[in-house]
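Novice: I'd like to ask you about the structure that follows.
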Amino acid sequence: MRKWWWVFLLLFSALHADSDTDACRKEIIQIDAEVKKLQAEKQKYEDAAQKYQAEGDRWQYSTGRVQEAYTAWGKANDQRAKAIDLQLQIDHLLERKYRIYQFYPQLQYE
């Protein structure tokens, strides 16, 4: 009787582990999609920052309008700050993904 109990326990734990693995697999897919979306958004902010930086440099060196240059540089800094915030979110998601891989290493190779 005890032998059957252990067999049943092992089977049940294997089934439970499969459902956990499936949930983690879905979470990794969601994380990858979110990271891809955030990276595209971050790239937009970086491009805008580069544009405003160049605009500010043009204002300062071509026309000598320093006030407009500082305004453009301020916009560039705002865009960079948004890109940094997005990078922090991306890092947090990737950390969560790698933490899942620590507990379910077989998911890395699928």
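FYI, nothing fancy with the structure tokens labels: chains A, B, ... in order, residues from 1 per chain, ligands from 1 as they appear.
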Would you mind listing what lies within 12 Å of A:Gln60 as a list in words, with only C-alpha atoms counted and same-chain residues fewer than 4 positions away left out?
Specialist: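 Within the cut-off, the hits are Gln53, Ala54, Glu55, Gly56, Gly64, Arg65, Val66, Gln67, Glu68, Ala69, Tyr70, Thr71, Ala72 and Trp73 of chain A.
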Novice: Smallest atom-to-atom distance to A:Lys37: which of A:Ala23, A:Ile90, A:Ile84, A:Ala76, using only C-alpha atoms?
Specialist: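 With only C-alpha atoms as the atom set, the closest residue is A:Ile90.
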Novice: Compile the contact shell of A:Leu86 as a PyMOL selection string: residues with an atom at most 9 Å away, counting only C-alpha atoms, same-chain residues fewer than 3 positions apart removed.
Specialist: chain A and resi 38-39+41-42+81-83+89-91
Novice: Quick one: pull the distance between atom CA of A:Ala49 and atom CA of A:Lys97, Å, one decimal.
Specialist: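 Computing the Euclidean distance for atom CA of A:Ala49 and atom CA of A:Lys97 yields 29.3 Å.
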Novice: List the spatial neighbours of A:Phe103 as a PDB file with all heavy atoms, in the first residue's frame - criterion: any atom at most 12 Å away, only C-alpha atoms, same-chain residues fewer than 2 positions off excluded.
Specialist:
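The resulting out34.pdb:
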ATOM      1  N   ALA A  17       4.260  19.838 -11.802  1.00  0.00           N
ATOM      2  CA  ALA A  17       5.446  20.508 -12.346  1.00  0.00           C
ATOM      3  C   ALA A  17       5.214  20.895 -13.800  1.00  0.00           C
ATOM      4  O   ALA A  17       5.664  21.950 -14.244  1.00  0.00           O
ATOM      5  CB  ALA A  17       6.661  19.604 -12.218  1.00  0.00           C
ATOM      6  N   ASP A  20       3.219  24.073 -13.890  1.00  0.00           N
ATOM      7  CA  ASP A  20       4.085  25.202 -13.536  1.00  0.00           C
ATOM      8  C   ASP A  20       4.984  25.573 -14.711  1.00  0.00           C
ATOM      9  O   ASP A  20       5.194  26.750 -14.998  1.00  0.00           O
ATOM     10  CB  ASP A  20       4.952  24.867 -12.325  1.00  0.00           C
ATOM     11  CG  ASP A  20       4.176  24.864 -11.021  1.00  0.00           C
ATOM     12  OD1 ASP A  20       3.033  25.368 -11.009  1.00  0.00           O
ATOM     13  OD2 ASP A  20       4.719  24.353 -10.028  1.00  0.00           O
ATOM     14  N   THR A  21       5.510  24.575 -15.383  1.00  0.00           N
ATOM     15  CA  THR A  21       6.375  24.823 -16.529  1.00  0.00           C
ATOM     16  C   THR A  21       5.609  25.533 -17.636  1.00  0.00           C
ATOM     17  O   THR A  21       6.121  26.469 -18.247  1.00  0.00           O
ATOM     18  CB  THR A  21       6.962  23.496 -17.050  1.00  0.00           C
ATOM     19  OG1 THR A  21       7.651  22.843 -15.986  1.00  0.00           O
ATOM     20  CG2 THR A  21       7.922  23.729 -18.196  1.00  0.00           C
ATOM     21  N   CYS A  24       5.128  29.133 -16.664  1.00  0.00           N
ATOM     22  CA  CYS A  24       6.382  29.872 -16.816  1.00  0.00           C
ATOM     23  C   CYS A  24       6.711  30.103 -18.284  1.00  0.00           C
ATOM     24  O   CYS A  24       7.217  31.168 -18.649  1.00  0.00           O
ATOM     25  CB  CYS A  24       7.523  29.141 -16.124  1.00  0.00           C
ATOM     26  SG  CYS A  24       7.400  29.201 -14.326  1.00  0.00           S
ATOM     27  N   ARG A  25       6.413  29.142 -19.118  1.00  0.00           N
ATOM     28  CA  ARG A  25       6.648  29.285 -20.555  1.00  0.00           C
ATOM     29  C   ARG A  25       5.804  30.442 -21.102  1.00  0.00           C
ATOM     30  O   ARG A  25       6.290  31.278 -21.871  1.00  0.00           O
ATOM     31  CB  ARG A  25       6.297  27.986 -21.273  1.00  0.00           C
ATOM     32  CG  ARG A  25       6.612  27.994 -22.756  1.00  0.00           C
ATOM     33  CD  ARG A  25       6.316  26.659 -23.420  1.00  0.00           C
ATOM     34  NE  ARG A  25       7.190  25.615 -22.901  1.00  0.00           N
ATOM     35  CZ  ARG A  25       6.770  24.542 -22.230  1.00  0.00           C
ATOM     36  NH1 ARG A  25       5.492  24.357 -21.998  1.00  0.00           N
ATOM     37  NH2 ARG A  25       7.633  23.644 -21.796  1.00  0.00           N
ATOM     38  N   ARG A  96      13.526  39.083 -14.281  1.00  0.00           N
ATOM     39  CA  ARG A  96      12.459  38.127 -13.955  1.00  0.00           C
ATOM     40  C   ARG A  96      12.538  36.900 -14.866  1.00  0.00           C
ATOM     41  O   ARG A  96      12.380  35.764 -14.408  1.00  0.00           O
ATOM     42  CB  ARG A  96      11.108  38.826 -14.101  1.00  0.00           C
ATOM     43  CG  ARG A  96      10.009  38.151 -13.326  1.00  0.00           C
ATOM     44  CD  ARG A  96       8.839  39.064 -13.185  1.00  0.00           C
ATOM     45  NE  ARG A  96       7.890  38.719 -14.225  1.00  0.00           N
ATOM     46  CZ  ARG A  96       6.937  39.512 -14.658  1.00  0.00           C
ATOM     47  NH1 ARG A  96       6.828  40.726 -14.179  1.00  0.00           N
ATOM     48  NH2 ARG A  96       6.111  39.121 -15.579  1.00  0.00           N
ATOM     49  N   LYS A  97      12.823  37.129 -16.140  1.00  0.00           N
ATOM     50  CA  LYS A  97      12.938  36.025 -17.097  1.00  0.00           C
ATOM     51  C   LYS A  97      14.090  35.096 -16.719  1.00  0.00           C
ATOM     52  O   LYS A  97      13.931  33.877 -16.710  1.00  0.00           O
ATOM     53  CB  LYS A  97      13.159  36.602 -18.490  1.00  0.00           C
ATOM     54  CG  LYS A  97      13.355  35.576 -19.568  1.00  0.00           C
ATOM     55  CD  LYS A  97      13.577  36.274 -20.897  1.00  0.00           C
ATOM     56  CE  LYS A  97      13.963  35.335 -21.993  1.00  0.00           C
ATOM     57  NZ  LYS A  97      14.182  36.021 -23.274  1.00  0.00           N
ATOM     58  N   TYR A  98      15.235  35.667 -16.362  1.00  0.00           N
ATOM     59  CA  TYR A  98      16.388  34.836 -16.012  1.00  0.00           C
ATOM     60  C   TYR A  98      16.207  34.140 -14.670  1.00  0.00           C
ATOM     61  O   TYR A  98      16.759  33.062 -14.455  1.00  0.00           O
ATOM     62  CB  TYR A  98      17.672  35.645 -16.075  1.00  0.00           C
ATOM     63  CG  TYR A  98      17.971  36.086 -17.483  1.00  0.00           C
ATOM     64  CD1 TYR A  98      18.180  37.417 -17.795  1.00  0.00           C
ATOM     65  CD2 TYR A  98      17.990  35.166 -18.530  1.00  0.00           C
ATOM     66  CE1 TYR A  98      18.416  37.812 -19.104  1.00  0.00           C
ATOM     67  CE2 TYR A  98      18.225  35.547 -19.826  1.00  0.00           C
ATOM     68  CZ  TYR A  98      18.441  36.872 -20.113  1.00  0.00           C
ATOM     69  OH  TYR A  98      18.667  37.267 -21.410  1.00  0.00           O
ATOM     70  N   ARG A  99      15.409  34.734 -13.815  1.00  0.00           N
ATOM     71  CA  ARG A  99      15.086  34.063 -12.551  1.00  0.00           C
ATOM     72  C   ARG A  99      14.231  32.816 -12.838  1.00  0.00           C
ATOM     73  O   ARG A  99      14.415  31.773 -12.207  1.00  0.00           O
ATOM     74  CB  ARG A  99      14.337  35.019 -11.617  1.00  0.00           C
ATOM     75  CG  ARG A  99      14.338  34.529 -10.199  1.00  0.00           C
ATOM     76  CD  ARG A  99      13.764  35.525  -9.211  1.00  0.00           C
ATOM     77  NE  ARG A  99      14.294  36.868  -9.382  1.00  0.00           N
ATOM     78  CZ  ARG A  99      13.539  37.963  -9.499  1.00  0.00           C
ATOM     79  NH1 ARG A  99      12.227  37.878  -9.476  1.00  0.00           N
ATOM     80  NH2 ARG A  99      14.083  39.139  -9.634  1.00  0.00           N
ATOM     81  N   ILE A 100      13.325  32.909 -13.775  1.00  0.00           N
ATOM     82  CA  ILE A 100      12.534  31.736 -14.177  1.00  0.00           C
ATOM     83  C   ILE A 100      13.455  30.673 -14.763  1.00  0.00           C
ATOM     84  O   ILE A 100      13.321  29.484 -14.472  1.00  0.00           O
ATOM     85  CB  ILE A 100      11.443  32.139 -15.188  1.00  0.00           C
ATOM     86  CG1 ILE A 100      10.387  33.015 -14.511  1.00  0.00           C
ATOM     87  CG2 ILE A 100      10.785  30.906 -15.808  1.00  0.00           C
ATOM     88  CD1 ILE A 100       9.401  33.649 -15.465  1.00  0.00           C
ATOM     89  N   TYR A 101      14.419  31.104 -15.582  1.00  0.00           N
ATOM     90  CA  TYR A 101      15.361  30.152 -16.169  1.00  0.00           C
ATOM     91  C   TYR A 101      16.201  29.442 -15.111  1.00  0.00           C
ATOM     92  O   TYR A 101      16.620  28.311 -15.320  1.00  0.00           O
ATOM     93  CB  TYR A 101      16.296  30.847 -17.160  1.00  0.00           C
ATOM     94  CG  TYR A 101      15.671  31.154 -18.497  1.00  0.00           C
ATOM     95  CD1 TYR A 101      16.167  32.178 -19.282  1.00  0.00           C
ATOM     96  CD2 TYR A 101      14.602  30.422 -18.991  1.00  0.00           C
ATOM     97  CE1 TYR A 101      15.619  32.462 -20.517  1.00  0.00           C
ATOM     98  CE2 TYR A 101      14.038  30.699 -20.213  1.00  0.00           C
ATOM     99  CZ  TYR A 101      14.562  31.718 -20.977  1.00  0.00           C
ATOM    100  OH  TYR A 101      14.016  32.001 -22.193  1.00  0.00           O
ATOM    101  N   PRO A 105      15.508  25.469 -16.110  1.00  0.00           N
ATOM    102  CA  PRO A 105      16.536  25.651 -17.155  1.00  0.00           C
ATOM    103  C   PRO A 105      16.168  25.014 -18.481  1.00  0.00           C
ATOM    104  O   PRO A 105      16.663  25.442 -19.525  1.00  0.00           O
ATOM    105  CB  PRO A 105      17.786  24.994 -16.550  1.00  0.00           C
ATOM    106  CG  PRO A 105      17.305  24.143 -15.435  1.00  0.00           C
ATOM    107  CD  PRO A 105      15.999  24.693 -14.977  1.00  0.00           C
ATOM    108  N   GLN A 106      15.287  24.047 -18.486  1.00  0.00           N
ATOM    109  CA  GLN A 106      14.904  23.406 -19.742  1.00  0.00           C
ATOM    110  C   GLN A 106      14.157  24.372 -20.669  1.00  0.00           C
ATOM    111  O   GLN A 106      14.117  24.169 -21.877  1.00  0.00           O
ATOM    112  CB  GLN A 106      14.060  22.146 -19.485  1.00  0.00           C
ATOM    113  CG  GLN A 106      12.665  22.398 -18.953  1.00  0.00           C
ATOM    114  CD  GLN A 106      12.597  22.513 -17.442  1.00  0.00           C
ATOM    115  OE1 GLN A 106      13.599  22.691 -16.782  1.00  0.00           O
ATOM    116  NE2 GLN A 106      11.398  22.392 -16.892  1.00  0.00           N
ATOM    117  N   LEU A 107      13.589  25.443 -20.119  1.00  0.00           N
ATOM    118  CA  LEU A 107      12.859  26.412 -20.939  1.00  0.00           C
ATOM    119  C   LEU A 107      13.788  27.256 -21.806  1.00  0.00           C
ATOM    120  O   LEU A 107      13.353  27.826 -22.797  1.00  0.00           O
ATOM    121  CB  LEU A 107      12.016  27.334 -20.059  1.00  0.00           C
ATOM    122  CG  LEU A 107      10.876  26.662 -19.294  1.00  0.00           C
ATOM    123  CD1 LEU A 107      10.165  27.673 -18.411  1.00  0.00           C
ATOM    124  CD2 LEU A 107       9.895  26.000 -20.238  1.00  0.00           C
ATOM    125  N   GLN A 108      15.057  27.329 -21.447  1.00  0.00           N
ATOM    126  CA  GLN A 108      16.020  28.112 -22.238  1.00  0.00           C
ATOM    127  C   GLN A 108      16.236  27.516 -23.615  1.00  0.00           C
ATOM    128  O   GLN A 108      16.576  28.227 -24.548  1.00  0.00           O
ATOM    129  CB  GLN A 108      17.368  28.170 -21.523  1.00  0.00           C
ATOM    130  CG  GLN A 108      17.388  29.048 -20.329  1.00  0.00           C
ATOM    131  CD  GLN A 108      18.802  29.106 -19.742  1.00  0.00           C
ATOM    132  OE1 GLN A 108      19.753  28.672 -20.345  1.00  0.00           O
ATOM    133  NE2 GLN A 108      18.897  29.629 -18.529  1.00  0.00           N
TER     134      GLN A 108
END
